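Visitor: Take a look at the following structure, please.
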Amino acid sequence: MEARVLELLLAGAGREQLDAALRGAGERERVLAHRIREQRELQHSREAELTALYETARDLTAIRDLDDILTAIVRRARQLLGADMTYLSLNDEEEGASYMKVTDGALTAEFRRLRLPLGTGLLGLVAQAGAPYFTEDYQSDERFVHRDYIDDAVAGEQIRAILGVPLVVEGVVIGALLAVHRRVRPFPAGEVALLTSFAAHAAVALENARLFERTRAAVAAADEANAALRSRSEATERAAHAHDLLTDVLLHRGGVAEVAGVLGEVLGGSVAVYDETGAPLAGARPGPDGPDGPDGPDGTDPVVATALRTGRCAVTDDGVWVAAAAAADDHLGTLVLRTDGPMGLPERRTLERGALVTAMVLLFERSAAEAEGRVRGELLVDLVTGRTPDQLRLRERVRQQGARLDGELALAVSRHTAERPPARLVAALAAELQGLGVVHEGLSVLLAQSTAPELGHALSERLGGTTAGTVAVADGLDGVAAAYAEATGTLRTLERLGRTGEVAEPAGLGLARLLLGRHGPAELEEFVHGTLGPVLAYDAARGTSLVETLQAWCDAGGALRDTAELLHVHPNTVTQRLDRVGSLLGEGWRDPAHRLDVQLALQLVRLRR
């Protein structure tokens, strides 16, 4: 073979160039030269295929985005096979169809959105059977199940020859890779093998993506678990720190202010403490922001009631956390937390532990106050009963109790109700005023440096608006017994007159005090009998209510209609009753002088009753 022919073969010359160089050569040389050329072209093709497969394999390790990998595979398969279009589909097992995932060379949007039922068309058959199929002319090939909308999409792309191979992962067909030509042509075995290799790479890419996603999800779950564990560990450390701080408060006999400070520091907010009535004890901000209110039963906020009933902290609609400090069924106080920080289970348990410590602190304070109150109460009982012969010893006892009773003194008494036991309240008020307080003979008694009206109102308000009698103490501590007698008399008079909830000094009783203080019982009884005797006797004998009618008539200022309204009777009935009174007392009973006597006698009858 001539050197010129060998050079052309090495340079990859085409058939025409080679034929020109072989003119005049023998048949054997021409055949050998063309075989060498074909072998070299095949070798170049195999090298290109291997290079493409190598690059695809390299992409699998370098590209993390699944769509990028599949797009690269479809594009390279089209280039190597010289196809007009390549596309990859994935199976949807729930719908029983295979849908287009990636296309390269498609002309119409309808084809890119195509979904083929499994077993329909060449694509559906490959995706269902898991074996390669090809056709030289799809439109005229009756081996496949045709559908109008599929054939229309194929016709829109001008597709004739189709080669399809399955995508298989762990023995399961998950889709197909196809190459098409827009002319009729066969598919040699080498192209089938090449497309099958690309399909294997695509299957690996899909499996890697699935494993990568699973790994990423596992890593994310592990990160989340670690974060939760770290958060729980930190919360546990904070709870342990809070426990140590609260224990330290108890050991050093701290108060509710120290407890509120610890909780505010640990929970990252502000904590206010209120007593069972809603009065602020520590940390309360200015304004009516306490937990008590008119919305709940008996004036108790429903959130506080929930916390008290369950023993757990509760949250309001505004995100304010509430915990009740209680011992058994005794509501001692309420903690209110305002925070923007997290309130998970550890934080809520810390607040509840703080409420328990608050209950213990309040119990300690109550026990101490009750013990001190008993001592103070014994001293005040000795004063009001006059059992204080030794003045030096008396003043020493006053000094030991920390009371200041050297200036202007006042004494107030009030009758409490069973629903509001006043001993602790009276003792607390006495301590605030540096005075003495006690519950004696069913009455709350308070002695302190103050004016009588101020002391009386202070006692009444602390006990919930009760009736109170108050008096200025004359002669210092020596005058306490007399002041007590006068204050209790004032209280009884207020109660007899029905002046509930009032606070009064003896001078505030007016005529009632004058009458009760200047006359003895015998003289007062004689006056009443001489003035109203016939009317009283008439009522007693017949069960009538002439005295009541007289009292209402006086209260109404002599107005007939107003008197009828007070008695809930007809005005004619009032007229008839007053006529009967006139027949019993005489015609002049309405004269001003006689009328005053009648009114005084009626007032005495009311007081006596």
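Going by the structure tokens order, chains are called A, B, ..., each with residues numbered from 1, while ligands are numbered from 1 in the order shown.
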Leaving out A:Leu194 and any residue of its chain fewer than 3 positions from it, which residues lie within 9 Å of it when counting only C-alpha atoms, given as a short mmCIF file (atom, residue, chain, number, x, y, z; two decimals) with all heavy atoms, in the first residue's frame?
Guide:
data_model
loop_
_atom_site.label_atom_id
_atom_site.label_comp_id
_atom_site.auth_asym_id
_atom_site.auth_seq_id
_atom_site.Cartn_x
_atom_site.Cartn_y
_atom_site.Cartn_z
N GLU A 49 -18.14 7.65 22.63
CA GLU A 49 -19.15 7.09 23.54
C GLU A 49 -18.58 6.92 24.95
O GLU A 49 -19.21 7.27 25.97
CB GLU A 49 -19.66 5.76 23.01
CG GLU A 49 -20.45 5.88 21.72
CD GLU A 49 -20.79 4.52 21.14
OE1 GLU A 49 -20.45 3.51 21.80
OE2 GLU A 49 -21.37 4.47 20.05
N LEU A 53 -19.75 8.68 28.34
CA LEU A 53 -20.14 7.91 29.52
C LEU A 53 -19.27 8.26 30.72
O LEU A 53 -19.74 8.35 31.87
CB LEU A 53 -20.04 6.41 29.22
CG LEU A 53 -21.08 5.87 28.24
CD1 LEU A 53 -20.79 4.41 27.92
CD2 LEU A 53 -22.49 6.02 28.79
N ALA A 77 -26.86 11.88 25.23
CA ALA A 77 -27.41 10.75 24.47
C ALA A 77 -27.87 11.20 23.10
O ALA A 77 -27.66 10.52 22.07
CB ALA A 77 -28.56 10.11 25.25
N LEU A 80 -24.62 11.81 20.87
CA LEU A 80 -23.90 10.62 20.45
C LEU A 80 -24.69 9.78 19.45
O LEU A 80 -24.14 9.18 18.54
CB LEU A 80 -23.52 9.78 21.67
CG LEU A 80 -22.39 10.35 22.54
CD1 LEU A 80 -22.16 9.47 23.74
CD2 LEU A 80 -21.10 10.47 21.73
N LEU A 81 -26.02 9.71 19.66
CA LEU A 81 -26.84 8.90 18.76
C LEU A 81 -27.23 9.68 17.50
O LEU A 81 -27.85 9.11 16.60
CB LEU A 81 -28.10 8.41 19.47
CG LEU A 81 -27.97 7.05 20.19
CD1 LEU A 81 -27.02 7.16 21.38
CD2 LEU A 81 -29.33 6.55 20.67
N ALA A 189 -27.60 -2.39 16.92
CA ALA A 189 -27.42 -2.88 18.30
C ALA A 189 -26.53 -1.96 19.11
O ALA A 189 -26.73 -1.79 20.33
CB ALA A 189 -26.85 -4.30 18.26
N GLY A 190 -25.54 -1.33 18.47
CA GLY A 190 -24.64 -0.44 19.20
C GLY A 190 -25.38 0.74 19.81
O GLY A 190 -25.08 1.17 20.92
N GLU A 191 -26.36 1.30 19.07
CA GLU A 191 -27.13 2.44 19.60
C GLU A 191 -28.02 2.01 20.76
O GLU A 191 -28.20 2.76 21.73
CB GLU A 191 -27.97 3.06 18.49
CG GLU A 191 -27.12 3.74 17.41
CD GLU A 191 -27.98 4.45 16.38
OE1 GLU A 191 -29.23 4.36 16.49
OE2 GLU A 191 -27.43 5.11 15.49
N SER A 197 -26.75 2.16 28.30
CA SER A 197 -25.72 2.63 29.23
C SER A 197 -26.10 3.98 29.83
O SER A 197 -25.95 4.22 31.04
CB SER A 197 -24.37 2.73 28.52
OG SER A 197 -23.94 1.46 28.06
N PHE A 198 -26.61 4.89 28.97
CA PHE A 198 -27.05 6.19 29.49
C PHE A 198 -28.22 6.03 30.47
O PHE A 198 -28.32 6.73 31.48
CB PHE A 198 -27.44 7.12 28.34
CG PHE A 198 -26.28 7.85 27.75
CD1 PHE A 198 -25.75 7.49 26.52
CD2 PHE A 198 -25.69 8.90 28.44
CE1 PHE A 198 -24.66 8.15 25.97
CE2 PHE A 198 -24.60 9.57 27.88
CZ PHE A 198 -24.09 9.20 26.65
N ALA A 199 -29.12 5.08 30.15
CA ALA A 199 -30.24 4.84 31.04
C ALA A 199 -29.76 4.33 32.39
O ALA A 199 -30.32 4.67 33.46
CB ALA A 199 -31.22 3.85 30.41
#
Visitor: Among stretch 118-162 of chain A, which residues carry a DSSP assignment of helix (DSSP H, G or I), reported as JSON, numbers by chain?
Guide: {"A": [121, 122, 123, 124, 125, 126, 127, 128, 129, 138, 139, 140, 148, 149, 150, 151, 152, 153, 154, 155, 156]}
Visitor: Would you mind exporting the chosen residues as a PDB file, in the first residue's frame, restricted to N, CA and C atoms?
Guide:
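Once written, selection37.pdb looks like this:
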ATOM      1  N   GLY A 121     -48.589   3.113  23.851  1.00  0.00           N
ATOM      2  CA  GLY A 121     -47.507   3.641  23.045  1.00  0.00           C
ATOM      3  C   GLY A 121     -46.202   2.933  23.358  1.00  0.00           C
ATOM      4  N   LEU A 122     -45.139   3.313  22.641  1.00  0.00           N
ATOM      5  CA  LEU A 122     -43.844   2.676  22.868  1.00  0.00           C
ATOM      6  C   LEU A 122     -43.298   3.050  24.247  1.00  0.00           C
ATOM      7  N   LEU A 123     -43.421   4.334  24.615  1.00  0.00           N
ATOM      8  CA  LEU A 123     -42.942   4.767  25.924  1.00  0.00           C
ATOM      9  C   LEU A 123     -43.663   4.025  27.044  1.00  0.00           C
ATOM     10  N   GLY A 124     -44.994   3.968  26.982  1.00  0.00           N
ATOM     11  CA  GLY A 124     -45.749   3.283  28.020  1.00  0.00           C
ATOM     12  C   GLY A 124     -45.423   1.814  28.101  1.00  0.00           C
ATOM     13  N   LEU A 125     -45.119   1.194  26.942  1.00  0.00           N
ATOM     14  CA  LEU A 125     -44.786  -0.230  26.926  1.00  0.00           C
ATOM     15  C   LEU A 125     -43.428  -0.467  27.581  1.00  0.00           C
ATOM     16  N   VAL A 126     -42.420   0.363  27.240  1.00  0.00           N
ATOM     17  CA  VAL A 126     -41.095   0.227  27.853  1.00  0.00           C
ATOM     18  C   VAL A 126     -41.195   0.445  29.370  1.00  0.00           C
ATOM     19  N   ALA A 127     -41.939   1.496  29.790  1.00  0.00           N
ATOM     20  CA  ALA A 127     -42.051   1.815  31.211  1.00  0.00           C
ATOM     21  C   ALA A 127     -42.767   0.716  31.979  1.00  0.00           C
ATOM     22  N   GLN A 128     -43.641  -0.021  31.301  1.00  0.00           N
ATOM     23  CA  GLN A 128     -44.379  -1.088  31.976  1.00  0.00           C
ATOM     24  C   GLN A 128     -43.618  -2.411  31.947  1.00  0.00           C
ATOM     25  N   ALA A 129     -43.070  -2.761  30.772  1.00  0.00           N
ATOM     26  CA  ALA A 129     -42.444  -4.077  30.597  1.00  0.00           C
ATOM     27  C   ALA A 129     -41.017  -4.118  31.125  1.00  0.00           C
ATOM     28  N   TYR A 138     -43.030   4.692  13.849  1.00  0.00           N
ATOM     29  CA  TYR A 138     -44.017   4.509  14.911  1.00  0.00           C
ATOM     30  C   TYR A 138     -45.443   4.625  14.400  1.00  0.00           C
ATOM     31  N   GLN A 139     -45.701   5.572  13.493  1.00  0.00           N
ATOM     32  CA  GLN A 139     -47.070   5.838  13.076  1.00  0.00           C
ATOM     33  C   GLN A 139     -47.708   4.615  12.401  1.00  0.00           C
ATOM     34  N   SER A 140     -46.892   3.819  11.735  1.00  0.00           N
ATOM     35  CA  SER A 140     -47.459   2.672  11.015  1.00  0.00           C
ATOM     36  C   SER A 140     -47.210   1.347  11.736  1.00  0.00           C
ATOM     37  N   ASP A 148     -55.343   8.612  20.376  1.00  0.00           N
ATOM     38  CA  ASP A 148     -55.396   9.783  19.498  1.00  0.00           C
ATOM     39  C   ASP A 148     -54.544  10.928  20.024  1.00  0.00           C
ATOM     40  N   TYR A 149     -54.660  11.224  21.332  1.00  0.00           N
ATOM     41  CA  TYR A 149     -53.931  12.386  21.848  1.00  0.00           C
ATOM     42  C   TYR A 149     -52.422  12.117  21.848  1.00  0.00           C
ATOM     43  N   ILE A 150     -52.030  10.817  22.000  1.00  0.00           N
ATOM     44  CA  ILE A 150     -50.605  10.488  21.920  1.00  0.00           C
ATOM     45  C   ILE A 150     -50.123  10.617  20.471  1.00  0.00           C
ATOM     46  N   ASP A 151     -50.890  10.038  19.533  1.00  0.00           N
ATOM     47  CA  ASP A 151     -50.504  10.120  18.119  1.00  0.00           C
ATOM     48  C   ASP A 151     -50.467  11.562  17.640  1.00  0.00           C
ATOM     49  N   ASP A 152     -51.382  12.398  18.141  1.00  0.00           N
ATOM     50  CA  ASP A 152     -51.368  13.816  17.749  1.00  0.00           C
ATOM     51  C   ASP A 152     -50.093  14.495  18.246  1.00  0.00           C
ATOM     52  N   ALA A 153     -49.679  14.179  19.503  1.00  0.00           N
ATOM     53  CA  ALA A 153     -48.453  14.776  20.035  1.00  0.00           C
ATOM     54  C   ALA A 153     -47.242  14.292  19.255  1.00  0.00           C
ATOM     55  N   VAL A 154     -47.219  13.000  18.904  1.00  0.00           N
ATOM     56  CA  VAL A 154     -46.113  12.443  18.115  1.00  0.00           C
ATOM     57  C   VAL A 154     -46.083  13.089  16.727  1.00  0.00           C
ATOM     58  N   ALA A 155     -47.255  13.243  16.123  1.00  0.00           N
ATOM     59  CA  ALA A 155     -47.320  13.874  14.803  1.00  0.00           C
ATOM     60  C   ALA A 155     -46.868  15.325  14.879  1.00  0.00           C
ATOM     61  N   GLY A 156     -47.204  16.016  15.977  1.00  0.00           N
ATOM     62  CA  GLY A 156     -46.780  17.397  16.138  1.00  0.00           C
ATOM     63  C   GLY A 156     -45.272  17.526  16.195  1.00  0.00           C
TER      64      GLY A 156
END
Visitor: If we count only C-alpha atoms, what is near A:Leu532 at a cut-off of 10 Å, once residues fewer than 4 positions away on the same chain are taken out, given as a list of chain:residue names?
Guide: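 Listing them by chain and then by number gives A:Phe527, A:Val528, A:Leu536, A:Ala537, A:Val547, A:Val581, A:Leu584, A:Leu585, A:Asp597, A:Val598, A:Gln599, A:Ala601, A:Leu602, A:Val605.
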Visitor: Applying 9 Å and only C-alpha atoms, which residues near A:Thr470 remain after dropping the ones on its own chain fewer than 3 positions away? List them as an NGL selection string.
Guide: :A and (410-414 or 452-453 or 455-457 or 483-484 or 486-488 or 490-491 or 503-506)
Visitor: Tell me, as a ChimeraX atom specification, which residues lie within 9 Å of A:Thr385, counting only C-alpha atoms; anything in the same chain fewer than 2 positions away does not count.
Guide: /A:380-383,387-388,480-481,484
Visitor: Please provide as a list in words all residues within 12 Å of A:Thr236, with the sequence filter that same-chain residues fewer than 3 positions apart are discarded (counting only C-alpha atoms).
Guide: Ala228, Leu229, Arg230, Ser231, Arg232, Ser233, Ala239, Ala240, His241, Ala242, His243, Val266, Gly344, Leu345, Pro346, Glu347, Arg348, Arg349 and Thr350 of chain A
